[in-house]
file run_27.txt (compact mmCIF, C-alpha atoms)
# COMPACT_ATOMS: atom_id res chain seq x y z
CA MET A 1 108.78 -36.85 88.82
CA SER A 2 108.25 -38.07 85.30
CA ILE A 3 104.97 -36.16 85.14
CA GLN A 4 106.83 -32.99 85.91
CA LEU A 5 109.44 -33.81 83.28
CA SER A 6 106.81 -34.46 80.62
CA ASN A 7 105.28 -31.10 81.47
CA ILE A 8 108.62 -29.44 80.88
CA ILE A 9 108.94 -31.16 77.53
CA GLU A 10 105.39 -30.18 76.65
CA SER A 11 106.27 -26.52 77.24
CA LEU A 12 109.37 -26.90 75.04
CA LEU A 13 107.12 -28.20 72.28
CA PHE A 14 104.79 -25.28 72.77
CA VAL A 15 107.45 -22.65 72.11
CA SER A 16 108.92 -24.50 69.12
CA ALA A 17 107.76 -23.37 65.71
CA GLU A 18 110.03 -25.97 64.07
CA PRO A 19 109.94 -29.73 64.70
CA LEU A 20 111.67 -30.41 68.02
CA SER A 21 113.89 -33.49 67.92
CA THR A 22 114.56 -35.87 70.81
CA GLU A 23 118.21 -34.94 70.48
CA LYS A 24 117.49 -31.29 71.01
CA ILE A 25 115.32 -32.01 74.04
CA LYS A 26 118.14 -34.08 75.52
CA ASN A 27 120.58 -31.23 74.89
CA VAL A 28 118.35 -28.84 76.80
CA LEU A 29 117.39 -31.09 79.70
CA THR A 30 120.90 -32.05 80.73
CA GLU A 31 119.85 -32.79 84.31
CA TYR A 32 117.71 -35.73 83.19
CA SER A 33 118.80 -39.10 81.85
CA GLU A 34 118.12 -40.07 78.27
CA GLN A 35 115.78 -42.88 79.30
CA GLU A 36 113.77 -40.56 81.54
CA ILE A 37 113.38 -38.11 78.66
CA GLU A 38 112.39 -40.77 76.15
CA LYS A 39 109.86 -42.19 78.59
CA SER A 40 108.40 -38.74 79.22
CA ILE A 41 108.08 -38.02 75.51
CA ASP A 42 106.10 -41.24 75.14
CA LEU A 43 103.96 -40.13 78.06
CA ILE A 44 103.03 -36.84 76.37
CA LEU A 45 102.35 -38.52 73.04
CA GLU A 46 100.15 -41.02 74.87
CA LYS A 47 98.33 -38.18 76.65
CA TYR A 48 97.54 -36.44 73.38
CA THR A 49 96.35 -39.60 71.61
CA SER A 50 94.21 -40.90 74.47
CA HIS A 51 92.63 -37.52 75.21
CA PRO A 52 92.28 -35.87 71.80
CA GLY A 53 91.80 -32.10 72.11
CA GLY A 54 92.12 -29.19 69.76
CA ILE A 55 95.87 -29.60 69.51
CA GLN A 56 97.81 -32.67 68.48
CA ILE A 57 101.46 -33.63 68.29
CA ILE A 58 102.70 -34.87 64.95
CA ARG A 59 105.97 -36.54 64.10
CA THR A 60 107.59 -34.68 61.21
CA GLY A 61 110.95 -33.44 59.96
CA GLY A 62 112.82 -35.57 62.49
CA GLY A 63 110.99 -34.16 65.50
CA TYR A 64 107.70 -33.38 67.18
CA LEU A 65 105.44 -30.47 66.42
CA PHE A 66 102.19 -29.10 67.77
CA THR A 67 99.51 -28.63 65.12
CA THR A 68 95.79 -28.10 65.15
CA ARG A 69 93.49 -30.91 64.08
CA SER A 70 92.58 -30.98 60.40
CA GLU A 71 88.86 -31.00 61.13
CA HIS A 72 89.09 -27.59 62.81
CA ASP A 73 90.45 -25.97 59.68
CA PRO A 74 87.19 -24.23 58.60
CA TRP A 75 86.92 -22.28 61.87
CA ILE A 76 90.59 -21.38 62.00
CA ARG A 77 90.38 -20.01 58.48
CA ARG A 78 87.34 -17.99 59.46
CA LEU A 79 89.23 -16.51 62.39
CA LEU A 80 92.32 -15.70 60.35
CA ARG A 81 90.30 -14.61 57.32
CA VAL A 82 91.99 -17.08 54.99
CA ASN A 83 89.83 -18.42 52.19
CA ARG A 84 91.93 -21.45 51.46
CA LYS A 85 95.52 -22.41 51.66
CA ASN A 86 97.27 -22.40 48.32
CA LYS A 87 98.34 -25.73 46.96
CA LEU A 88 101.49 -26.08 44.90
CA SER A 89 100.99 -25.83 41.15
CA SER A 90 101.33 -29.07 39.17
CA ALA A 91 104.56 -27.85 37.61
CA ALA A 92 106.02 -26.90 40.99
CA LEU A 93 105.03 -30.23 42.53
CA GLU A 94 106.58 -32.12 39.63
CA THR A 95 109.80 -30.17 39.97
CA LEU A 96 109.81 -30.70 43.72
CA SER A 97 109.24 -34.41 43.33
CA THR A 98 112.10 -34.62 40.81
CA ILE A 99 114.43 -32.84 43.23
CA ALA A 100 113.31 -35.01 46.15
CA TYR A 101 114.17 -38.25 44.37
CA HIS A 102 117.30 -37.12 42.57
CA GLN A 103 118.95 -34.69 44.96
CA PRO A 104 121.49 -33.18 44.91
CA ILE A 105 120.52 -31.97 41.45
CA THR A 106 121.04 -29.05 39.04
CA LEU A 107 118.44 -27.10 37.09
CA ALA A 108 119.53 -28.68 33.79
CA GLU A 109 119.11 -32.16 35.27
CA ILE A 110 115.65 -31.35 36.63
CA SER A 111 114.59 -30.02 33.22
CA ALA A 112 115.94 -33.15 31.54
CA PHE A 113 113.89 -35.41 33.82
CA ARG A 114 110.73 -33.41 33.24
CA GLY A 115 111.22 -32.74 29.53
CA VAL A 116 110.39 -29.09 30.16
CA ASP A 117 112.29 -26.10 31.44
CA ALA A 118 111.99 -25.89 35.22
CA THR A 119 113.40 -22.39 35.81
CA HIS A 120 110.12 -20.83 36.81
CA SER A 121 108.87 -23.56 39.11
CA LEU A 122 112.28 -23.80 40.76
CA LYS A 123 112.09 -20.11 41.55
CA THR A 124 108.67 -20.59 43.15
CA LEU A 125 110.02 -23.45 45.27
CA LEU A 126 112.99 -21.38 46.40
CA GLN A 127 110.66 -18.56 47.39
CA LYS A 128 108.49 -20.97 49.33
CA LYS A 129 111.71 -22.28 50.88
CA LEU A 130 110.82 -25.86 50.01
CA VAL A 131 114.18 -26.27 48.28
CA LYS A 132 117.57 -24.78 49.01
CA ILE A 133 120.82 -24.15 47.21
CA VAL A 134 123.58 -26.29 48.64
CA GLY A 135 126.50 -25.36 46.42
CA ARG A 136 127.84 -25.50 42.92
CA LYS A 137 128.64 -28.50 40.80
CA LYS A 138 132.23 -28.85 39.71
CA SER A 139 131.36 -29.08 36.04
CA PRO A 140 131.41 -26.58 33.16
CA GLY A 141 129.44 -23.47 34.06
CA LYS A 142 129.48 -24.43 37.73
CA PRO A 143 125.68 -24.80 37.94
CA LEU A 144 123.95 -24.43 41.32
CA ILE A 145 122.98 -27.60 43.15
CA TYR A 146 119.60 -27.92 44.85
CA ARG A 147 118.21 -30.03 47.68
CA THR A 148 114.88 -30.20 49.45
CA SER A 149 114.74 -28.20 52.69
CA GLU A 150 113.59 -29.07 56.20
CA ARG A 151 110.39 -27.19 55.43
CA PHE A 152 109.76 -29.64 52.59
CA LEU A 153 109.47 -32.47 55.11
CA THR A 154 107.08 -30.57 57.36
CA TYR A 155 105.03 -29.42 54.37
CA PHE A 156 104.23 -33.01 53.40
CA GLY A 157 104.23 -34.36 56.95
CA LEU A 158 107.27 -36.54 56.29
CA ASP A 159 109.63 -37.51 59.09
CA SER A 160 112.66 -37.85 56.85
CA LEU A 161 113.48 -38.33 53.18
CA LYS A 162 113.13 -42.07 53.78
CA ASP A 163 109.38 -41.46 54.05
CA LEU A 164 109.06 -40.31 50.46
CA PRO A 165 106.64 -42.52 48.52
CA SER A 166 108.53 -45.80 48.07
CA GLN A 167 109.06 -47.78 44.90
CA GLU A 168 106.37 -50.24 46.09
CA GLU A 169 103.82 -47.50 46.72
CA ILE A 170 104.54 -46.04 43.29
CA SER A 171 104.30 -49.41 41.52
CA LYS A 172 101.03 -50.12 43.32
CA LEU A 173 99.59 -46.81 42.22
CA LEU A 174 100.69 -47.37 38.62
CA GLU A 175 99.08 -50.83 38.61
CA GLU A 176 95.85 -49.41 39.96
CA GLU A 177 95.92 -46.75 37.28
CA SER A 178 96.38 -49.25 34.46
CA ASP A 179 93.60 -51.42 35.92
CA GLU A 180 91.24 -48.47 35.69
CA ASP A 181 91.58 -48.32 31.92
CA MET B 182 93.70 -21.52 20.24
CA ASN B 183 91.63 -23.51 17.79
CA ASN B 184 89.07 -26.20 18.43
CA THR B 185 91.27 -28.36 20.57
CA GLY B 186 88.45 -29.57 22.71
CA GLU B 187 86.61 -31.18 19.83
CA THR B 188 86.93 -34.60 18.35
CA ASP B 189 89.44 -34.77 15.58
CA SER B 190 88.40 -36.95 12.68
CA SER B 191 91.99 -37.53 11.60
CA ILE B 192 92.39 -39.90 14.51
CA GLY B 193 89.22 -41.63 13.51
CA SER B 194 88.14 -42.46 17.01
CA SER B 195 85.44 -41.34 19.35
CA GLU B 196 87.89 -40.97 22.20
CA TYR B 197 88.01 -37.61 23.84
CA GLN B 198 90.66 -35.15 22.85
CA VAL B 199 92.57 -33.05 25.26
CA ASN B 200 94.09 -29.65 24.79
CA LEU B 201 97.87 -29.57 24.70
CA ASP B 202 97.88 -27.06 27.54
CA VAL B 203 96.74 -29.60 30.09
CA PHE B 204 99.96 -31.56 29.75
CA GLN B 205 102.92 -30.75 31.90
CA GLY B 206 105.21 -31.38 28.94
CA PRO B 207 105.99 -33.71 26.07
CA LEU B 208 106.66 -36.70 28.31
CA ASP B 209 103.31 -36.17 30.00
CA LEU B 210 101.59 -36.22 26.59
CA LEU B 211 103.48 -39.35 25.54
CA LEU B 212 102.49 -41.18 28.71
CA PHE B 213 98.89 -40.16 28.15
CA LEU B 214 98.95 -41.55 24.61
CA ILE B 215 100.61 -44.76 25.73
CA ARG B 216 97.94 -45.28 28.37
CA LYS B 217 95.14 -44.37 25.99
CA LYS B 218 96.32 -46.83 23.37
CA LYS B 219 97.09 -49.45 26.03
CA ILE B 220 100.62 -49.74 24.76
CA ASP B 221 103.34 -51.66 26.60
CA ILE B 222 105.81 -48.99 27.60
CA HIS B 223 108.72 -51.38 26.99
CA ASP B 224 107.61 -52.06 23.42
CA ILE B 225 106.37 -48.82 21.95
CA PRO B 226 105.23 -48.90 18.32
CA ILE B 227 107.13 -45.77 17.36
CA ALA B 228 105.25 -45.12 14.09
CA THR B 229 101.84 -45.21 15.77
CA ILE B 230 102.85 -43.13 18.73
CA THR B 231 104.60 -40.54 16.55
CA ARG B 232 101.50 -40.16 14.40
CA GLU B 233 99.30 -39.74 17.46
CA TYR B 234 101.75 -37.33 19.00
CA LEU B 235 101.96 -35.15 15.90
CA VAL B 236 98.17 -34.93 15.71
CA TYR B 237 98.27 -33.11 19.02
CA LEU B 238 100.92 -30.72 17.81
CA ASP B 239 99.03 -30.08 14.58
CA LYS B 240 96.08 -28.80 16.51
CA LYS B 241 98.07 -25.74 17.32
CA GLU B 242 97.82 -23.40 14.40
CA ARG B 243 100.76 -21.44 15.54
CA ILE B 244 103.60 -22.76 17.58
CA ASN B 245 104.42 -20.72 20.60
CA LEU B 246 108.13 -21.40 20.77
CA GLU B 247 108.34 -20.53 24.46
CA ARG B 248 106.04 -23.37 25.37
CA GLU B 249 105.95 -25.79 22.50
CA ALA B 250 109.63 -26.01 21.63
CA GLU B 251 109.95 -28.83 24.11
CA PHE B 252 107.12 -30.72 22.42
CA LEU B 253 108.86 -30.30 19.09
CA LEU B 254 112.10 -31.57 20.55
CA VAL B 255 110.47 -34.84 21.56
CA ALA B 256 108.75 -35.08 18.17
CA ALA B 257 112.19 -34.86 16.60
CA LEU B 258 113.42 -37.55 18.98
CA LEU B 259 110.55 -39.85 17.98
CA ILE B 260 111.29 -39.39 14.30
CA TYR B 261 114.97 -39.94 14.92
CA ILE B 262 114.27 -43.19 16.72
CA LYS B 263 112.02 -44.32 13.87
CA SER B 264 114.76 -43.58 11.35
CA GLN B 265 117.28 -45.50 13.43
CA MET B 266 114.96 -48.50 13.40
CA LEU B 267 114.46 -48.33 9.65
CA LEU B 268 118.13 -48.11 8.79
CA PRO B 269 119.62 -51.44 7.81
CA ARG B 270 122.31 -52.52 10.20
CA GLU B 271 125.64 -53.83 9.07
CA ARG B 272 125.73 -56.37 11.77
CA LEU B 273 123.06 -57.43 14.13
CA LEU B 274 124.24 -58.15 17.59
CA ASP B 275 122.16 -59.62 20.35
CA ASP B 276 123.22 -57.05 22.82
CA GLU B 277 122.72 -54.19 20.42
CA GLU B 278 120.77 -51.48 22.10
CA ASP B 279 117.21 -50.83 21.04
CA PRO B 280 117.09 -47.23 19.77
CA ARG B 281 113.93 -46.83 21.80
CA GLN B 282 115.72 -47.53 25.07
CA VAL B 283 116.66 -43.90 25.75
CA LEU B 284 113.03 -42.86 25.43
CA VAL B 285 111.74 -45.81 27.48
CA ASP B 286 114.14 -45.01 30.32
CA ARG B 287 113.06 -41.38 30.35
CA LEU B 288 109.39 -42.30 30.26
CA LEU B 289 109.72 -44.81 33.08
CA GLU B 290 111.53 -42.32 35.26
CA TYR B 291 109.02 -39.62 34.43
CA GLN B 292 106.14 -41.98 35.17
CA LYS B 293 107.66 -42.65 38.56
CA ILE B 294 107.93 -38.94 39.32
CA LYS B 295 104.33 -38.38 38.23
CA ALA B 296 103.09 -41.17 40.47
CA ALA B 297 105.07 -39.79 43.41
CA CYS B 298 103.43 -36.43 42.70
CA ALA B 299 99.99 -37.98 43.06
CA ILE B 300 100.93 -39.43 46.44
CA LEU B 301 102.56 -36.19 47.59
CA ARG B 302 99.49 -34.27 46.46
CA GLN B 303 97.41 -36.37 48.83
CA LYS B 304 99.88 -35.77 51.66
CA GLU B 305 99.75 -32.05 50.95
CA ALA B 306 95.95 -32.15 51.23
CA ASP B 307 96.31 -33.97 54.57
CA GLU B 308 98.81 -31.48 55.93
CA LEU B 309 97.39 -28.15 54.72
CA PRO B 310 94.46 -28.10 57.18
CA LYS B 311 96.83 -28.67 60.10
CA TRP B 312 97.88 -25.26 61.34
CA LYS B 313 101.30 -24.92 62.81
CA ARG B 314 102.50 -22.31 65.20
CA ASP B 315 104.33 -19.68 63.21
CA VAL B 316 104.87 -17.33 66.07
CA PRO B 317 108.47 -16.24 65.97
CA PRO B 318 110.46 -17.05 69.08
CA PRO B 319 111.13 -14.04 71.30
CA HIS B 320 114.52 -12.50 70.74
CA PHE B 321 117.00 -11.14 73.19
CA MET B 322 119.27 -8.25 72.50
CA GLY B 323 122.96 -7.97 73.11
CA GLU B 324 124.09 -11.55 73.26
CA GLU B 325 124.94 -13.71 70.31
CA LEU B 326 122.01 -15.99 69.82
CA ASP B 327 121.57 -19.44 68.49
CA LEU B 328 119.64 -18.28 65.48
CA THR B 329 119.54 -19.83 62.12
CA GLU B 330 121.86 -18.19 59.71
CA ILE B 331 120.06 -17.05 56.63
CA SER B 332 120.85 -18.38 53.20
CA LEU B 333 122.41 -16.51 50.34
CA PHE B 334 119.00 -16.56 48.73
CA ASN B 335 117.42 -14.56 51.58
CA LEU B 336 120.24 -12.09 51.45
CA ALA B 337 120.04 -11.60 47.71
CA GLU B 338 116.26 -11.29 47.95
CA ALA B 339 116.55 -8.54 50.55
CA PHE B 340 119.17 -6.80 48.46
CA PHE B 341 117.05 -6.79 45.32
CA ILE B 342 114.06 -5.43 47.20
CA LEU B 343 116.25 -2.58 48.36
CA MET B 344 117.60 -1.95 44.88
CA LYS B 345 114.08 -1.86 43.48
CA LYS B 346 113.26 0.75 46.08
CA LYS B 347 116.31 2.76 45.06
CA GLU B 348 115.35 2.51 41.41
CA ARG B 349 112.00 4.03 42.18
CA GLU B 350 113.65 6.93 43.92
CA ASN B 351 115.16 7.70 40.55
CA ILE B 352 118.37 9.19 41.77
CA GLN B 353 120.19 11.26 39.21
CA ILE B 354 123.56 11.83 40.69
CA ILE B 355 126.65 11.39 38.61
CA MET B 356 129.44 10.29 40.82
CA GLY B 357 132.95 9.78 39.66
CA LYS B 358 134.05 8.04 42.80
CA GLU B 359 135.38 4.54 42.49
CA TYR B 360 134.95 2.08 45.28
CA SER B 361 137.54 -0.48 46.14
CA MET B 362 136.46 -3.76 47.64
CA GLU B 363 139.26 -3.66 50.16
CA GLU B 364 138.35 -0.22 51.44
CA LYS B 365 134.70 -1.15 51.69
CA MET B 366 135.42 -4.37 53.52
CA ASN B 367 137.52 -2.56 56.10
CA GLU B 368 134.81 0.02 56.40
CA ILE B 369 132.23 -2.67 57.12
CA ILE B 370 134.45 -4.36 59.70
CA GLU B 371 135.17 -1.03 61.41
CA PHE B 372 131.48 -0.28 61.43
CA LEU B 373 130.74 -3.66 63.01
CA LYS B 374 133.45 -3.24 65.66
CA GLU B 375 131.95 0.06 66.65
CA ASN B 376 128.26 -0.67 66.36
CA HIS B 377 128.17 -4.34 67.31
CA TYR B 378 125.91 -5.18 64.42
CA LEU B 379 124.82 -3.81 61.07
CA ASP B 380 121.23 -3.50 60.00
CA PHE B 381 121.06 -4.74 56.41
CA THR B 382 118.22 -2.46 55.30
CA GLU B 383 119.42 0.66 57.05
CA TYR B 384 122.97 0.20 55.89
CA PHE B 385 122.08 -0.04 52.22
CA GLU B 386 119.53 2.71 52.38
CA SER B 387 122.26 5.07 53.52
CA HIS B 388 124.11 4.51 50.24
CA THR B 389 123.63 7.20 47.67
CA THR B 390 124.47 5.31 44.51
CA ILE B 391 123.69 1.89 43.16
CA GLU B 392 127.41 1.38 42.50
CA GLU B 393 128.30 1.89 46.12
CA ALA B 394 125.51 -0.38 47.26
CA LEU B 395 126.61 -3.07 44.81
CA VAL B 396 130.22 -2.91 45.95
CA SER B 397 129.11 -3.07 49.58
CA PHE B 398 126.90 -6.05 48.86
CA PHE B 399 129.73 -7.95 47.18
CA CYS B 400 131.99 -7.08 50.11
CA LEU B 401 129.41 -8.39 52.51
CA LEU B 402 129.15 -11.65 50.56
CA GLU B 403 132.93 -11.88 50.52
CA LEU B 404 133.08 -11.38 54.30
CA ILE B 405 130.40 -14.01 54.87
CA LYS B 406 132.32 -16.41 52.67
CA ALA B 407 135.52 -15.72 54.57
CA ARG B 408 133.52 -16.39 57.75
CA THR B 409 134.48 -13.02 59.20
CA VAL B 410 130.86 -12.03 59.65
CA TYR B 411 127.52 -13.80 59.67
CA ALA B 412 124.06 -12.70 58.71
CA ILE B 413 120.97 -13.59 60.70
CA GLN B 414 117.33 -12.80 60.63
CA GLU B 415 115.99 -12.74 64.16
CA THR B 416 112.37 -13.17 63.32
CA LEU B 417 110.40 -13.80 60.21
CA PHE B 418 110.01 -10.70 58.01
CA GLN B 419 112.38 -8.78 60.22
CA THR B 420 115.38 -7.03 58.81
CA ILE B 421 118.57 -8.98 58.36
CA LYS B 422 121.39 -8.19 60.73
CA VAL B 423 125.07 -8.75 60.14
CA TRP B 424 127.33 -9.59 63.08
CA LEU B 425 131.05 -9.92 63.41
CA ARG B 426 132.12 -13.42 64.34
CA LYS B 427 133.60 -13.68 67.83
CA GLU B 428 136.97 -14.86 66.62
CA SER B 429 137.26 -11.88 64.24
CA ARG B 430 136.47 -9.41 66.99
CA LYS B 431 139.81 -8.33 68.37
call {"tool": "encode", "arguments": {"input": "run_27.txt", "output": "structure tokens"}}
result
Amino acid sequence: MSIQLSNIIESLLFVSAEPLSTEKIKNVLTEYSEQEIEKSIDLILEKYTSHPGGIQIIRTGGGYLFTTRSEHDPWIRRLLRVNRKNKLSSAALETLSTIAYHQPITLAEISAFRGVDATHSLKTLLQKKLVKIVGRKKSPGKPLIYRTSERFLTYFGLDSLKDLPSQEEISKLLEEESDED
Amino acid sequence: MNNTGETDSSIGSSEYQVNLDVFQGPLDLLLFLIRKKKIDIHDIPIATITREYLVYLDKKERINLEREAEFLLVAALLIYIKSQMLLPRERLLDDEEDPRQVLVDRLLEYQKIKAACAILRQKEADELPKWKRDVPPPHFMGEELDLTEISLFNLAEAFFILMKKKERENIQIIMGKEYSMEEKMNEIIEFLKENHYLDFTEYFESHTTIEEALVSFFCLLELIKARTVYAIQETLFQTIKVWLRKESRK
């Protein structure tokens, strides 16, 4: 019974290109109880951790997602003829980090935090769909307001915005850095 | 530009010098100098740091205003702070704000963002080798689907691609016709009632002038805003389709 259910859920994960949340699974599998579904999800996760294969399930963006294992990357790239995946530029990452911690935020505010104009890097981030426009600020000029997108979470493997590097992590890193000197 | 990679004797130290270009901005340079000089960020010797800072700017023979204006702005701020500290005060209050506070707050916040960047960079490196399925879900025709509505940004992007295409066609038609928003909007709604949906690319390609296309685009935005229609993209890289909302379909 629960094996069959976990197989159903596994197939739902397979067809999902976006993180699949427990909520969404429950909405689809109306004939099963919430506990049954939760138990079955645990069962699949357990299956994939105890018998590691080429595919794994990661928790990201508020749901579950199938991905390949990192160590298989060289062969996948050979198959797909991809030399390397492009990393974000330093400027883009800085802008993204500013938005992540201070959202909702306008371009002028981002630039003020960084001390440099962020127009260009913001454009890159919009194109990569890592940030989105959520509206306009009710202030002179009605500037656009930006937020990080769902893709932002998946890109960094974060489950939610709560998983952004915490104040403690940041302080620890800064201490380590000053110790190095 | 000039010999930025070499040791500058004006600093009088054997420490390595870095080109201005490697810094993300003036705050980045300031943090670097503070770390290099092992300065307490809460108690910055403004005179020293300003001197050090200006040495970096001096290395540039010419100032490229596009890029270095921001560095100059912070230089001005440093000098302003110094002048504020030199000016005799009429009354000295305990709770009087240190003129350096504005700068310290900005630096601390910036330092935090930089540190978060380093952590995120690591996460990015962890995630990039994990390949996700990016196969678009199969789509079904006819019925209204539970598809993600596209953002204004996607729509505008698609529109500009089309306009670029039109530009290249170099149409030289002089048309005296004026387009009214109202007429166009009704036209779009009629079109949708008849044809079920409107293919974004096809629809705009059928327009002969940029003016008409522009008016149509604004109408479309207006209709989306009024929630009369909605725009969806069924699969990645596919054309955008505009549908009439159920409630508007009489």
call {"tool": "closest_atom_pairs", "arguments": {"input": "run_27.txt", "of": "chain A", "to": "chain B", "cutoff": "7 Å", "atoms": "only C-alpha atoms", "output": "Markdown table"}}
result
| residue | atom | partner | partner_atom | distance |
| --- | --- | --- | --- | --- |
| A:Ala17 | CA | B:Arg314 | CA | 5.4 |
| A:Phe66 | CA | B:Lys313 | CA | 6.5 |
| A:Thr67 | CA | B:Lys313 | CA | 4.7 |
| A:Thr68 | CA | B:Lys311 | CA | 5.2 |
| A:Arg69 | CA | B:Lys311 | CA | 5.7 |
| A:Ser70 | CA | B:Pro310 | CA | 4.7 |
| A:Asp73 | CA | B:Pro310 | CA | 5.2 |
| A:Lys85 | CA | B:Leu309 | CA | 6.8 |
| A:Ala91 | CA | B:Gln205 | CA | 6.6 |
| A:Leu93 | CA | B:Cys298 | CA | 6.4 |
| A:Glu94 | CA | B:Cys298 | CA | 6.2 |
| A:Ser97 | CA | B:Cys298 | CA | 6.2 |
| A:Thr98 | CA | B:Ile294 | CA | 6.2 |
| A:Phe113 | CA | B:Tyr291 | CA | 6.5 |
| A:Arg114 | CA | B:Tyr291 | CA | 6.6 |
| A:Gly115 | CA | B:Leu208 | CA | 6.2 |
| A:Val116 | CA | B:Gly206 | CA | 5.8 |
| A:Tyr155 | CA | B:Glu308 | CA | 6.7 |
| A:Phe156 | CA | B:Glu305 | CA | 5.2 |
| A:Gly157 | CA | B:Glu308 | CA | 6.2 |
| A:Pro165 | CA | B:Ala297 | CA | 6.0 |
| A:Ile170 | CA | B:Ala296 | CA | 5.8 |
| A:Leu173 | CA | B:Ala296 | CA | 6.9 |
| A:Leu174 | CA | B:Ala296 | CA | 6.9 |
call {"tool": "write_last_selection", "arguments": {"input": "run_27.txt", "atoms": "C-alpha atoms", "output": "CSV table (one decimal), keeping the file's coordinate frame"}}
result
chain,number,residue,atom,x,y,z
A,17,ALA,CA,107.8,-23.4,65.7
A,66,PHE,CA,102.2,-29.1,67.8
A,67,THR,CA,99.5,-28.6,65.1
A,68,THR,CA,95.8,-28.1,65.2
A,69,ARG,CA,93.5,-30.9,64.1
A,70,SER,CA,92.6,-31.0,60.4
A,73,ASP,CA,90.4,-26.0,59.7
A,85,LYS,CA,95.5,-22.4,51.7
A,91,ALA,CA,104.6,-27.8,37.6
A,93,LEU,CA,105.0,-30.2,42.5
A,94,GLU,CA,106.6,-32.1,39.6
A,97,SER,CA,109.2,-34.4,43.3
A,98,THR,CA,112.1,-34.6,40.8
A,113,PHE,CA,113.9,-35.4,33.8
A,114,ARG,CA,110.7,-33.4,33.2
A,115,GLY,CA,111.2,-32.7,29.5
A,116,VAL,CA,110.4,-29.1,30.2
A,155,TYR,CA,105.0,-29.4,54.4
A,156,PHE,CA,104.2,-33.0,53.4
A,157,GLY,CA,104.2,-34.4,57.0
A,165,PRO,CA,106.6,-42.5,48.5
A,170,ILE,CA,104.5,-46.0,43.3
A,173,LEU,CA,99.6,-46.8,42.2
A,174,LEU,CA,100.7,-47.4,38.6
call {"tool": "closest_residue", "arguments": {"input": "run_27.txt", "among": "B:Tyr234, B:Thr229, B:Glu386, B:Ile370", "to": "B:Ile342", "atoms": "only C-alpha atoms"}}
result
B:Glu386
call {"tool": "residues_around", "arguments": {"input": "run_27.txt", "residues": "B:Asp221", "least_positions_apart": "6", "cutoff": "12 Å", "atoms": "only C-alpha atoms", "output": "ChimeraX atom specification"}}
result
/A:178 /B:212,214-215,227,230,285,288-289
call {"tool": "residues_near_point", "arguments": {"input": "run_27.txt", "point": "(106.6, -41.8, 56.3)", "cutoff": "12 Å", "atoms": "all atoms listed in the file", "output": "list in words"}}
result
Ile58, Arg59, Thr60, Gly61, Gly62, Leu153, Thr154, Phe156, Gly157, Leu158, Asp159, Ser160, Leu161, Lys162, Asp163, Leu164, Pro165, Ser166 and Glu169 of chain A; Ile300, Leu301 and Lys304 of chain B
call {"tool": "closest_residue", "arguments": {"input": "run_27.txt", "among": "B:Asp380, B:Glu371, B:Glu278, B:Glu363", "to": "B:Cys400", "atoms": "only C-alpha atoms"}}
result
B:Glu363
call {"tool": "closest_residue", "arguments": {"input": "run_27.txt", "among": "A:Val82, A:Leu130, A:Ile145, A:Ile3", "to": "A:Ile110", "atoms": "all atoms listed in the file"}}
result
A:Ile145
call {"tool": "atom_distance", "arguments": {"input": "run_27.txt", "atom1": "atom CA of A:Leu96", "atom2": "atom CA of A:Lys123"}}
result
11.0 Å
call {"tool": "atom_distance", "arguments": {"input": "run_27.txt", "atom1": "atom CA of A:Ile99", "atom2": "atom CA of A:Ile133"}}
result
11.5 Å
call {"tool": "atom_distance", "arguments": {"input": "run_27.txt", "atom1": "atom CA of B:Glu383", "atom2": "atom CA of B:Tyr411"}}
result
16.8 Å
call {"tool": "closest_residue", "arguments": {"input": "run_27.txt", "among": "B:His223, B:Leu379, B:Tyr237, B:Arg232", "to": "B:Leu210", "atoms": "only C-alpha atoms"}}
result
B:Tyr237
